[in-house]
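> Right, I'll just put the structure down here and ask away after.
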Amino acid sequence: MCATKNPPVDELGAYAQHIAAATRMLVMEEILDYSGHVAARLPGGDTFMVQNATDSRAELDPDRLLVIDLDGKVVRGDTQPPLETVLHSEIFRARPDVQAVLHCHLELAIAFTLMKDVELKPMRARAVRWKSGVPTHPDPRLIRRHEQGVALAETLGPHNAALIRSHGMVLVAESVPALFIDALHFKANARALMTVLQAGKEPVPMNEEEIAMIDSPREFHVAKLWNFYIRKGKSAGIIPEDWSTGI
Ligand SMILES: [Zn+2]
């Protein structure tokens with residue numbers, strides 16, 4: 001694996017480096033492990049880039065990413081797509097506004113599919129991203145068949161996150177860097193709510209008035225945190241120094 005060389009200088013290079021960097025950093029932040037994936041829609045809208053089924057998320061190589069169309073056909077690469085590829089393709093098909101999708105099996109998120117009468121509401125300011133709600137998809141199986149992908153996209157609807165019963169979650173965003181930052185905040189918000197529940201106290205989510213007060217510029221915030229985590233990843237030897245991962 002040539003993880004330390006620059007990606008090919010072509011129009012897909014920036015996408016590939018963003019996906020590989022985000023994936024490695026999501027492992028660093030204990031959101032991804034041996035499974036789950038980040039997908040990014042490519043220009044033109046009807047193809048997306050995603051890793052293959054088996055390459056390690058901890059050392060993902062941009063040169064090995066696959067390009068797949070919305071019908072699940074691999075149009076670049078010769079390795080096996082992820083088992084749950086249809087999850088990405090059907091979300092991209094249903095949501096033209098979505099440019100990046102994360103699927104992961106975060107334990108903390110799964111825990112909220114195992115409790116009665118607890119909704120994953122915004123507890124922390126950054127979680128206003130999910131103010132419209134976080135629906136739970138009732139089918140716990142791997143999302144492998146077309147109709148399962150369609151059903152998950154229906155559960156997600158217009159929201160920016162969905163949980164999958166006893167299985168995991170999906171997040172959607174306008175770019176890979178934004179998706180990565182959202183994943184950090186989603187985990188932090190779930191942790192905050194779990195901390196309250198574990199203290200045996202009644203959660204007090206942010207109310208509508210408080211949510212309406214939050215007006216942080218998203219683009220600035222994403223760029224600032226992306227830069228911080230890229231530097232953190234490079235310092236830790238997780239992101240090769242010669243990767244160009246600016247936004
Ligand atoms: Zn899964």
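Starting from 1 in every chain, residues are counted up; chains themselves are A, B, ... following the order of the structure tokens, and ligands are numbered from 1 as listed.
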Looking only at the backbone, which of the residues in region 41-96 of chain A does DSSP tag as helix (DSSP H, G or I), as a list in words?

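Secondary structure check on region 41-96 of chain A, helix (DSSP H, G or I): Arg57, Ala58, Glu59, Pro62, Asp63, Arg64, Thr85, Val86, Leu87, His88, Ser89, Glu90, Ile91, Phe92, Arg93 and Ala94 of chain A.
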
> Mind dumping the selected residues with N, CA and C atoms as a PDB file, in the first residue's frame?


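Resulting contents of again-v4.pdb:
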```pdb
ATOM      1  N   ARG A  57      -9.727   0.896   7.418  1.00  0.00           N
ATOM      2  CA  ARG A  57     -10.131   2.294   7.565  1.00  0.00           C
ATOM      3  C   ARG A  57      -9.014   3.119   8.208  1.00  0.00           C
ATOM      4  N   ALA A  58      -8.135   2.469   8.921  1.00  0.00           N
ATOM      5  CA  ALA A  58      -7.076   3.177   9.652  1.00  0.00           C
ATOM      6  C   ALA A  58      -5.962   3.661   8.744  1.00  0.00           C
ATOM      7  N   GLU A  59      -5.841   3.082   7.544  1.00  0.00           N
ATOM      8  CA  GLU A  59      -4.748   3.473   6.650  1.00  0.00           C
ATOM      9  C   GLU A  59      -5.249   3.518   5.206  1.00  0.00           C
ATOM     10  N   PRO A  62      -5.982   6.683  -0.840  1.00  0.00           N
ATOM     11  CA  PRO A  62      -6.859   7.383  -1.799  1.00  0.00           C
ATOM     12  C   PRO A  62      -6.858   6.720  -3.173  1.00  0.00           C
ATOM     13  N   ASP A  63      -5.723   6.134  -3.556  1.00  0.00           N
ATOM     14  CA  ASP A  63      -5.621   5.548  -4.900  1.00  0.00           C
ATOM     15  C   ASP A  63      -6.509   4.321  -5.079  1.00  0.00           C
ATOM     16  N   ARG A  64      -6.979   3.748  -3.976  1.00  0.00           N
ATOM     17  CA  ARG A  64      -7.739   2.494  -4.070  1.00  0.00           C
ATOM     18  C   ARG A  64      -9.255   2.702  -3.954  1.00  0.00           C
ATOM     19  N   THR A  85     -23.273  -0.874   0.121  1.00  0.00           N
ATOM     20  CA  THR A  85     -23.142   0.211  -0.863  1.00  0.00           C
ATOM     21  C   THR A  85     -24.490   0.848  -1.196  1.00  0.00           C
ATOM     22  N   VAL A  86     -25.535   0.044  -1.236  1.00  0.00           N
ATOM     23  CA  VAL A  86     -26.852   0.565  -1.645  1.00  0.00           C
ATOM     24  C   VAL A  86     -27.379   1.620  -0.664  1.00  0.00           C
ATOM     25  N   LEU A  87     -26.891   1.563   0.538  1.00  0.00           N
ATOM     26  CA  LEU A  87     -27.245   2.583   1.536  1.00  0.00           C
ATOM     27  C   LEU A  87     -26.832   3.966   1.021  1.00  0.00           C
ATOM     28  N   HIS A  88     -25.613   4.060   0.486  1.00  0.00           N
ATOM     29  CA  HIS A  88     -25.129   5.342  -0.032  1.00  0.00           C
ATOM     30  C   HIS A  88     -25.872   5.737  -1.314  1.00  0.00           C
ATOM     31  N   SER A  89     -25.978   4.792  -2.236  1.00  0.00           N
ATOM     32  CA  SER A  89     -26.550   5.140  -3.541  1.00  0.00           C
ATOM     33  C   SER A  89     -28.003   5.603  -3.404  1.00  0.00           C
ATOM     34  N   GLU A  90     -28.766   4.967  -2.537  1.00  0.00           N
ATOM     35  CA  GLU A  90     -30.174   5.362  -2.423  1.00  0.00           C
ATOM     36  C   GLU A  90     -30.351   6.664  -1.658  1.00  0.00           C
ATOM     37  N   ILE A  91     -29.433   6.967  -0.738  1.00  0.00           N
ATOM     38  CA  ILE A  91     -29.499   8.289  -0.085  1.00  0.00           C
ATOM     39  C   ILE A  91     -29.120   9.368  -1.088  1.00  0.00           C
ATOM     40  N   PHE A  92     -28.055   9.132  -1.883  1.00  0.00           N
ATOM     41  CA  PHE A  92     -27.683  10.124  -2.907  1.00  0.00           C
ATOM     42  C   PHE A  92     -28.817  10.317  -3.916  1.00  0.00           C
ATOM     43  N   ARG A  93     -29.514   9.244  -4.255  1.00  0.00           N
ATOM     44  CA  ARG A  93     -30.604   9.349  -5.231  1.00  0.00           C
ATOM     45  C   ARG A  93     -31.784  10.148  -4.649  1.00  0.00           C
ATOM     46  N   ALA A  94     -32.082   9.886  -3.392  1.00  0.00           N
ATOM     47  CA  ALA A  94     -33.256  10.510  -2.775  1.00  0.00           C
ATOM     48  C   ALA A  94     -33.003  11.950  -2.341  1.00  0.00           C
TER      49      ALA A  94
END
```

> Taking only C-alpha atoms and all ligand atoms and a cut-off of 7 Å, can you tell me which residues surround ligand 1, written as a PyMOL selection string?

chain A and resi 36+84+103-105+142-143+167-168

> Report, in Å to a single decimal, how far apart CA of Val134 (chain A) and CA of Glu209 (chain A) are.

19.3 Å

> Which residues of region 129-202 of chain A come within 12 Å of region 25-34 of chain A, and for each one, what is the closest pair of atoms and their distance in Å to one decimal, counting only C-alpha atoms, sorted by chain and residue number, as a Markdown table?


```
| residue | atom | partner | partner_atom | distance |
| --- | --- | --- | --- | --- |
| A:Gly168 | CA | A:Leu32 | CA | 10.8 |
| A:Met169 | CA | A:Ile31 | CA | 10.8 |
| A:Val170 | CA | A:Ile31 | CA | 11.8 |
| A:Leu171 | CA | A:Ile31 | CA | 11.9 |
| A:Val176 | CA | A:Leu26 | CA | 11.6 |
| A:Pro177 | CA | A:Met25 | CA | 10.8 |
| A:Leu179 | CA | A:Leu26 | CA | 10.4 |
| A:Phe180 | CA | A:Leu26 | CA | 7.3 |
| A:Ile181 | CA | A:Leu26 | CA | 9.7 |
| A:Asp182 | CA | A:Leu26 | CA | 11.0 |
| A:Ala183 | CA | A:Ile31 | CA | 7.6 |
| A:Leu184 | CA | A:Glu29 | CA | 7.8 |
| A:His185 | CA | A:Ile31 | CA | 11.1 |
| A:Phe186 | CA | A:Ile31 | CA | 10.1 |
| A:Lys187 | CA | A:Ile31 | CA | 7.9 |
| A:Ala188 | CA | A:Ile31 | CA | 10.9 |
```

> May I have the residues from that selection written out with C-alpha atoms, as a short mmCIF file (atom, residue, chain, number, x, y, z; two decimals), in the first residue's frame?


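Writing the result to again16.cif gives the following:
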```cif
data_model
loop_
_atom_site.label_atom_id
_atom_site.label_comp_id
_atom_site.auth_asym_id
_atom_site.auth_seq_id
_atom_site.Cartn_x
_atom_site.Cartn_y
_atom_site.Cartn_z
CA GLY A 168 -25.68 1.87 13.50
CA MET A 169 -26.36 5.25 11.99
CA VAL A 170 -26.06 7.46 8.93
CA LEU A 171 -25.08 11.12 8.71
CA VAL A 176 -16.71 15.40 3.37
CA PRO A 177 -15.08 17.91 5.76
CA LEU A 179 -19.55 15.37 7.40
CA PHE A 180 -16.45 14.67 9.48
CA ILE A 181 -17.09 17.66 11.76
CA ASP A 182 -20.76 16.66 12.08
CA ALA A 183 -19.71 13.17 13.16
CA LEU A 184 -17.63 14.63 16.00
CA HIS A 185 -20.51 16.81 17.16
CA PHE A 186 -23.05 13.99 16.80
CA LYS A 187 -20.95 11.78 19.06
CA ALA A 188 -20.41 14.60 21.57
#
```

> Which of region 127-191 of chain A counts as strand (DSSP E) under DSSP, as an MDAnalysis selection string please?

chainID A and resid 136:137 161:164 168:173

> Those residues you just picked out, can you put them in a file as an mmCIF file, in the first residue's frame with N, CA and C atoms?


```
data_model
loop_
_atom_site.group_PDB
_atom_site.id
_atom_site.type_symbol
_atom_site.label_atom_id
_atom_site.label_comp_id
_atom_site.auth_asym_id
_atom_site.auth_seq_id
_atom_site.Cartn_x
_atom_site.Cartn_y
_atom_site.Cartn_z
ATOM 1 N N THR A 136 -35.335 6.758 13.789
ATOM 2 C CA THR A 136 -34.712 5.436 13.911
ATOM 3 C C THR A 136 -35.307 4.500 12.868
ATOM 4 N N HIS A 137 -34.437 3.934 12.036
ATOM 5 C CA HIS A 137 -34.861 2.959 11.029
ATOM 6 C C HIS A 137 -35.104 1.626 11.745
ATOM 7 N N ALA A 161 -29.566 13.077 9.914
ATOM 8 C CA ALA A 161 -29.044 11.877 10.572
ATOM 9 C C ALA A 161 -30.180 10.899 10.780
ATOM 10 N N ALA A 162 -29.849 9.623 10.799
ATOM 11 C CA ALA A 162 -30.815 8.594 11.189
ATOM 12 C C ALA A 162 -30.060 7.501 11.917
ATOM 13 N N LEU A 163 -30.729 6.911 12.925
ATOM 14 C CA LEU A 163 -30.193 5.732 13.603
ATOM 15 C C LEU A 163 -30.773 4.494 12.935
ATOM 16 N N ILE A 164 -30.065 3.390 13.037
ATOM 17 C CA ILE A 164 -30.552 2.112 12.516
ATOM 18 C C ILE A 164 -30.599 1.145 13.702
ATOM 19 N N GLY A 168 -26.590 0.756 13.727
ATOM 20 C CA GLY A 168 -25.678 1.874 13.501
ATOM 21 C C GLY A 168 -26.404 3.158 13.187
ATOM 22 N N MET A 169 -25.827 3.927 12.292
ATOM 23 C CA MET A 169 -26.364 5.254 11.990
ATOM 24 C C MET A 169 -25.886 5.726 10.631
ATOM 25 N N VAL A 170 -26.547 6.747 10.117
ATOM 26 C CA VAL A 170 -26.061 7.465 8.935
ATOM 27 C C VAL A 170 -26.100 8.961 9.228
ATOM 28 N N LEU A 171 -25.119 9.660 8.681
ATOM 29 C CA LEU A 171 -25.084 11.121 8.707
ATOM 30 C C LEU A 171 -24.955 11.602 7.270
ATOM 31 N N VAL A 172 -25.533 12.747 6.963
ATOM 32 C CA VAL A 172 -25.385 13.326 5.623
ATOM 33 C C VAL A 172 -24.984 14.786 5.758
ATOM 34 N N ALA A 173 -24.207 15.263 4.750
ATOM 35 C CA ALA A 173 -23.745 16.654 4.794
ATOM 36 C C ALA A 173 -23.433 17.134 3.382
#
```

> Write out as a VMD selection string each polymer residue whose atoms come within 9 Å of Asn227 (chain A), counting only C-alpha atoms; drop sequence neighbours fewer than 4 positions from it.

chain A and resid 222 to 223 231 to 232 245 to 247

> Of the candidates A:Pro96, A:Pro203, A:Gly72, A:Pro135, which shows the shortest atom-to-atom distance to Arg41 (chain A), using only C-alpha atoms?

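With only C-alpha atoms as the atom set, the closest residue is A:Pro96.
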
> Residues near Val50 (chain A), anyone? I mean within 12 Å using only C-alpha atoms, not counting same-chain ones fewer than 4 positions away, as a ChimeraX atom specification.

/A:12,15-20,22-23,36-42,54-55,57,60-69,72,74-77,79-89,100-103,176

> Of the candidates A:Ala127, A:Leu156, A:Val150, A:Met194, which shows the shortest atom-to-atom distance to Met115 (chain A), using only C-alpha atoms?

A:Met194

> So what do you get for CA of Thr47 (chain A) versus CA of Phe228 (chain A), distance-wise?

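Spanning CA of Thr47 (chain A) to CA of Phe228 (chain A) is a straight-line distance of 29.7 Å.
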
> CA of Gln51 (chain A) to CA of Leu70 (chain A): how many Å, to one decimal?

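Result for CA of Gln51 (chain A) versus CA of Leu70 (chain A): 15.2 Å, one decimal.
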